[in-house]
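A quick write-up on the structure given underneath.
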Amino acid sequence: MRRHWYLGLALIAVVAGMTRFQYLGRSALRADELNRYLEGRSPVSLVAYWRDWQPTNQMPLQNVLAMGVARLFPEVNEFSLRFPGAVLGVLTVLILAGWTGRRWGPAPGLLAGLWLALNPYHLYESREAYYYGLLMFAATLFSLYTLEWIVCLRAERRALSIRAALLWTASAWLLCLSHMSAWMYALVWGLALLLAGIPGLPRAQRRAHFCRLALSGLALLFLMRRWIRDAIGEVSKVGADPEYVYFGDSFANVAPRVLPMFLAGYNAVGFALLGLTIPAALFLAWRWRATATDSRYVWLTGLTLVSVGALYAYVGLIGGGVAKETFFSACWPVLLVWAPVTLWKAARALLPGQAPRWTLVAAAALALILARPAWFIMRLDGKPTPYHQIQAWLDRELPPGTVVVVDRWFEPWVEMAIYAPTNVVVTFTVPDEPYRQFREGDWRGVTQRAFEQGTAQAFLRLTRNHEEQAGPWDFPARFFARQAEIANPEALWLRRTGYAVMSGLYAPNTNRVVAHVFHNTDADWAQRARAAGRDTLLLFDVGWGHLKPWRPPPGWPPELVQTLWLQAGALLERGHGFDDLRALGQLPRPEAQRYLEQGQWADYRIAGPHARWRAYNLTDRERTTQLHLTAIALSGPVRARLDDQTLSFPPQLMVTRQVPVTLRPGRQEIALAVPPNQFLLVLRATLQP
């Protein structure tokens with residue numbers, strides 16, 4: 001029997017390892033994981049990172065772990081960042097399965113092990129460089145150690161030894177450092193351990209038990225004082241600022257999803273398992289005599305139910321009506337042990353002598369059911385945004401030099417800074433989060449004008465930003481002639497079948513799972529120009545960089561950045577710049593502030609040594625037109641060549657140069673050459689009659 005159990009445990013290890021390590025680096029990093037990517041590549045030491053940690057609603061243990069491990073690899077990438085989570089995920093499965101098999105036998109151990117190894121929730125979190133894989137590992141160690149000591153207290157009538165109390169304190173500290181949502185869980189289990197010593201222990205042992213746990217509690221308070229202070233400040237923000245919100249879904253939406261999602265999914269399988277487990281537990285409660293002798297199961301049942309209820313109350317109260325399924329992760333390990341053990345005990349009571357056989361059949365059936373969602377989780381291209389596909393599509397389908405505006409202003413300098421296309425530029429117009437900023441900054445109006453004026457040529461819709469409050473935005477579909485859809489098929493399948501873990505995947509507008517690109521071809525732009533009465537068209541092509549200095553670039557003096565913002569804002573509002581730099585200092589303060597606010601969000605093209613435009617003469621005869629080039633030389637005077645003409649730009653003064661160009665019918669290139677050691681920012685380039 002023992003040999004068979006070891007073979008079963010080896011099978012569980014293989015399944016857990018394959019599902020957690022295969023294709024581990026395939027999926028693009030999402031926003032929260034990108035923090036680990038930047039941290040892993042930074043020169044900051046782990047000690048300094050821990051010491052200087054700033055966020056007040058999170059703790060840096062998982063960050064430090066991911067940073068430290070990733071730096072051991074030749075490269076900090078998707079695989080190296082997720083490696084610690086995958087290792088902890090396998091260990092979590094093996095510890096829980098091994099403990100279950102040891103305490104209740106090979107059949108429930110195998111059922112629990114395969115259930116754990118293929119569990120969609122844990123599999124997904126194990127393949128992320130984020131908090132919850134570590135949290136479930138820490139909860140596993142803490143819960144099993146606490147439960148074993150509760151049973152020992154009752155059976156052996158002796159208090160925790162000093163060594164045991166130290167180990168319990170260490171496990172509780174690890175759990176509390178993994179995530180703030182685990183604090184209530186640790187409190188519930190700590191109180192259970194404390195109260196378990198009241199009946200049955202001799203007076204001297206009871207006194208030692210209380211003293212050691214009290215000292216453990218004080219030690220935990222001392223070790224956690226920094227994070228407790230931060231948590232109190234974070235909670236006070238919710239009460240002091242009515243517009244301060246946590247990111248997440250409403251608690252009312254999350255609450256019914258947690259238990260079925262933890263068991264398998266928010267679908268028929270998850271509810272079926274829940275529907276089997278709860279009646280089985282009620283049946284065992286009714287047949288109390290059959291379970292009362294198993295004190296370990298009795299305590300496991302009671303603590304699972306109480307800790308789940310406590311977490312619901314804790315998250316509902318502290319979150320201010322906002323929650324995520326992941327906030328309940330501390331109770332996942334005991335729930336995923338209690339459920340199979342409960343089903344096993346009920347089967348043994350109902351089918352004496354046949355329970356092992358039917359339990360193995362159930363384990364095989366459940367493994368077959370969960371194998372497919374496990375495969376789709378392993379094959380996810382994005383979580384949920386398919387950045388690899390978006391990057392490839394933009395480079396393949398859009399002309400070089402295209403500026404693409406995305407509907408989430410964090411994207412160009414966070415996610416899509418890592419997964420940036422090489423031939424086109426992804427940028428934003430003005431900030432659009434939170435909703436107040438979206439409304440006050442007139443995001444839709446500013447973005448619409450960017451398309452109409454030609455400063456941006458395509459629109460990437462990822463989030464449908466604030467459509468719930470502001471209504472659908474149909475301008476891109478009306479303005480652009482073409483629309484493409486870039487889907488994440490694995491995420492769509494998980495969403496459709498209810499195995500998706502992230503609540504955002506269930507948004508009714510397929511938020512981030514399906515991206516849309518609205519764009520025009522050159523022929524479409526030419527047709528629009530003709531409809532507007534223009535007979536020429538100018539589009540940026542190869543050889544251009546892009547810059548949006550909404551925050552000062554490293555090494556730029558603040559005065560230089562303000563000079564740039566002022567002149568860009570004035571030109572965008574008035575249509576012309578200044579005669580000299582002295583005029584900037586003579587601006588009235590309200591006017592200067594207005595120019596600064598507008599110019600801060602301007603986009604520039606950086607002219608390279610071989611920059612090109614695509615120019616179109618939409619008539620059937622040769623004609624001469626004027627190219628108006630508005631640009632600024634920041635690092636010194638620039639002498640650029642436009643075909644055979646020389647253009648001079650004085651330092652730090654934004655000027656517009658007019659150059660006659662002769663265009664033959666159809667398409668041709670216009671070349672602008674800037675010496676390699678000179679720096680020219682182009683704000684605007686147009687062809688005028």
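Starting from 1 in every chain, residues are counted up; chains themselves are A, B, ... following the order of the structure tokens, and ligands are numbered from 1 as listed.
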
- Message: Please list as a PyMOL selection string every residue within 9 Å of Pro637 of chain A, counting only C-alpha atoms and excluding residues in the same chain fewer than 3 positions away.
- Response: chain A and resi 633-634+648-652+678-680

- Message: What's around Val501 of chain A at 9 Å? Count only C-alpha atoms, leave out sequence neighbours fewer than 6 positions away in its own chain, and write the answer as a PyMOL selection string.
- Response: chain A and resi 120-121+124-125+261-262+265-266+325-326+494-495

- Item | Non-local contacts of Glu33 of chain A (10 Å; only C-alpha atoms; under 3 positions in same chain excluded) as a PyMOL selection string | chain A and resi 28-30+36-39+63+66+78+81-82+128-131+415

At a cut-off of 6 Å, using only C-alpha atoms, what residues contact segment 452-459 of chain A? Leave out same-chain residues fewer than 3 positions from it and give the result as a tab-separated table (two decimals) with N, CA and C atoms, in the first residue's frame.
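So the final result, stored in selection-v4.tsv, reads:
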```
chain	number	residue	atom	x	y	z
A	402	THR	N	3.43	55.06	-38.30
A	402	THR	CA	2.08	55.27	-37.79
A	402	THR	C	2.12	55.51	-36.29
A	403	VAL	N	1.34	56.48	-35.82
A	403	VAL	CA	1.16	56.73	-34.40
A	403	VAL	C	-0.17	56.14	-33.98
A	404	VAL	N	-0.13	55.23	-33.02
A	404	VAL	CA	-1.31	54.53	-32.55
A	404	VAL	C	-1.65	55.03	-31.15
A	405	VAL	N	-2.86	55.55	-30.96
A	405	VAL	CA	-3.33	55.98	-29.64
A	405	VAL	C	-4.05	54.81	-28.99
A	406	VAL	N	-3.73	54.54	-27.72
A	406	VAL	CA	-4.37	53.47	-26.97
A	406	VAL	C	-5.28	54.09	-25.92
A	449	ARG	N	-9.70	64.99	-31.79
A	449	ARG	CA	-8.97	66.03	-32.54
A	449	ARG	C	-7.61	65.52	-33.01
A	517	VAL	N	-8.35	47.31	-33.37
A	517	VAL	CA	-7.52	48.34	-33.98
A	517	VAL	C	-8.33	49.01	-35.08
A	518	PHE	N	-8.51	50.32	-34.97
A	518	PHE	CA	-9.18	51.12	-35.99
A	518	PHE	C	-8.09	51.86	-36.76
A	519	HIS	N	-8.10	51.75	-38.09
A	519	HIS	CA	-7.00	52.32	-38.85
A	519	HIS	C	-7.44	52.61	-40.27
```

- Just the residues within 12 Å of Gln593 of chain A, please, counting only C-alpha atoms, with nothing from its chain fewer than 6 positions along; format it as a PyMOL selection string. chain A and resi 562-563+565-567+569-570+584+587+599-600

- Residue with smallest distance to Val235 of chain A - pool A:Thr656, A:Ser250, A:Ser42, A:Thr56, counting only C-alpha atoms: A:Thr56

- Task: Using only C-alpha atoms, find the one residue out of A:Ala470, A:Val47, A:Leu572, A:Leu34 that sits nearest to Ala417 of chain A.
- Result: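 When distances to Ala417 of chain A are compared using only C-alpha atoms, the smallest one comes from A:Leu34.
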
Could you please write out, as an mmCIF file with N, CA, C and O atoms, in the first residue's frame, every residue of segment 541-573 of chain A that DSSP assigns to helix (DSSP H, G or I)?
```
data_model
loop_
_atom_site.group_PDB
_atom_site.id
_atom_site.type_symbol
_atom_site.label_atom_id
_atom_site.label_comp_id
_atom_site.auth_asym_id
_atom_site.auth_seq_id
_atom_site.Cartn_x
_atom_site.Cartn_y
_atom_site.Cartn_z
ATOM 1 N N PRO A 558 14.729 70.765 -15.488
ATOM 2 C CA PRO A 558 13.310 71.143 -15.432
ATOM 3 C C PRO A 558 13.002 72.407 -16.232
ATOM 4 O O PRO A 558 11.927 72.514 -16.830
ATOM 5 N N GLU A 559 13.940 73.364 -16.249
ATOM 6 C CA GLU A 559 13.690 74.609 -16.990
ATOM 7 C C GLU A 559 13.555 74.334 -18.488
ATOM 8 O O GLU A 559 12.733 74.947 -19.174
ATOM 9 N N LEU A 560 14.345 73.396 -18.997
ATOM 10 C CA LEU A 560 14.272 73.059 -20.413
ATOM 11 C C LEU A 560 12.930 72.424 -20.754
ATOM 12 O O LEU A 560 12.312 72.735 -21.785
ATOM 13 N N VAL A 561 12.452 71.531 -19.875
ATOM 14 C CA VAL A 561 11.176 70.873 -20.106
ATOM 15 C C VAL A 561 10.041 71.889 -20.080
ATOM 16 O O VAL A 561 9.136 71.861 -20.920
ATOM 17 N N GLN A 562 10.078 72.829 -19.135
ATOM 18 C CA GLN A 562 9.023 73.844 -19.064
ATOM 19 C C GLN A 562 9.044 74.746 -20.289
ATOM 20 O O GLN A 562 7.990 75.152 -20.796
ATOM 21 N N THR A 563 10.233 75.049 -20.795
ATOM 22 C CA THR A 563 10.334 75.836 -22.027
ATOM 23 C C THR A 563 9.663 75.116 -23.186
ATOM 24 O O THR A 563 8.949 75.715 -23.996
ATOM 25 N N LEU A 564 9.875 73.813 -23.256
ATOM 26 C CA LEU A 564 9.260 73.014 -24.312
ATOM 27 C C LEU A 564 7.743 72.999 -24.164
ATOM 28 O O LEU A 564 7.004 73.203 -25.135
ATOM 29 N N TRP A 565 7.258 72.731 -22.938
ATOM 30 C CA TRP A 565 5.814 72.677 -22.709
ATOM 31 C C TRP A 565 5.142 74.011 -23.041
ATOM 32 O O TRP A 565 4.080 74.032 -23.674
ATOM 33 N N LEU A 566 5.753 75.115 -22.601
ATOM 34 C CA LEU A 566 5.154 76.434 -22.841
ATOM 35 C C LEU A 566 4.978 76.707 -24.333
ATOM 36 O O LEU A 566 3.905 77.120 -24.788
ATOM 37 N N GLN A 567 6.015 76.451 -25.093
ATOM 38 C CA GLN A 567 5.954 76.774 -26.515
ATOM 39 C C GLN A 567 5.002 75.844 -27.263
ATOM 40 O O GLN A 567 4.257 76.285 -28.152
ATOM 41 N N ALA A 568 4.995 74.579 -26.897
ATOM 42 C CA ALA A 568 4.072 73.653 -27.549
ATOM 43 C C ALA A 568 2.632 74.022 -27.237
ATOM 44 O O ALA A 568 1.767 74.025 -28.126
ATOM 45 N N GLY A 569 2.350 74.350 -25.963
ATOM 46 C CA GLY A 569 0.994 74.727 -25.589
ATOM 47 C C GLY A 569 0.530 75.981 -26.299
ATOM 48 O O GLY A 569 -0.614 76.071 -26.763
ATOM 49 N N ALA A 570 1.418 76.980 -26.401
ATOM 50 C CA ALA A 570 1.056 78.226 -27.083
ATOM 51 C C ALA A 570 0.785 77.970 -28.562
ATOM 52 O O ALA A 570 -0.187 78.489 -29.131
ATOM 53 N N LEU A 571 1.620 77.157 -29.190
ATOM 54 C CA LEU A 571 1.430 76.909 -30.614
ATOM 55 C C LEU A 571 0.157 76.111 -30.875
ATOM 56 O O LEU A 571 -0.581 76.391 -31.829
ATOM 57 N N LEU A 572 -0.140 75.145 -30.003
ATOM 58 C CA LEU A 572 -1.344 74.350 -30.197
ATOM 59 C C LEU A 572 -2.600 75.181 -29.988
ATOM 60 O O LEU A 572 -3.618 74.964 -30.653
ATOM 61 N N GLU A 573 -2.539 76.155 -29.084
ATOM 62 C CA GLU A 573 -3.723 76.978 -28.821
ATOM 63 C C GLU A 573 -3.844 78.141 -29.801
ATOM 64 O O GLU A 573 -4.921 78.419 -30.328
#
```

- Message: Need to verify the contact set: Ile390 of chain A, 12 Å, only C-alpha atoms, exclusion of same-chain residues closer than 4 positions in sequence. Can you return it as a PyMOL selection string?
- Response: chain A and resi 28+381-382+385-386+394-398+404+406+415-416+419-422+424+426+460-462+484-488+512-517

- Which neighbours of Val76 of chain A fall inside 7 Å, counting only C-alpha atoms, when residues of the same chain fewer than 4 positions from it are skipped, and could you give them as a list in words?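 These residues fall inside the cut-off: Tyr37, Gly40, Arg41, Ala70, Arg71, Ser80 and Leu81 of chain A.
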
- Message: Taking only segment 497-542 of chain A into account, list the residues labelled strand (DSSP E) by DSSP (computed from the backbone), as a PyMOL selection string.
- Response: chain A and resi 514-519+536-540

- Task: Go ahead and compute the interatomic distance for atom CA of Arg639 of chain A and atom CA of Gln586 of chain A, in Å to one decimal.
- Result: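 For atom CA of Arg639 of chain A relative to atom CA of Gln586 of chain A, the distance reads 28.8 Å.
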
- Task: Would you work out the distance separating atom CA of Leu547 of chain A from atom CA of His576 of chain A, expressed in Å to one decimal?
- Result: 21.0 Å

- Note on the structure: Of A:Leu335, A:Ala86, A:Ala346, A:Val69, the one nearest to Leu24 of chain A when counting only C-alpha atoms is A:Ala86

- Find, counting only C-alpha atoms, the residue in A:Met654, A:Ala592, A:Leu213, A:Val315 that gets nearest to Phe251 of chain A.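 Ranked by minimum distance to Phe251 of chain A, first place goes to A:Val315.
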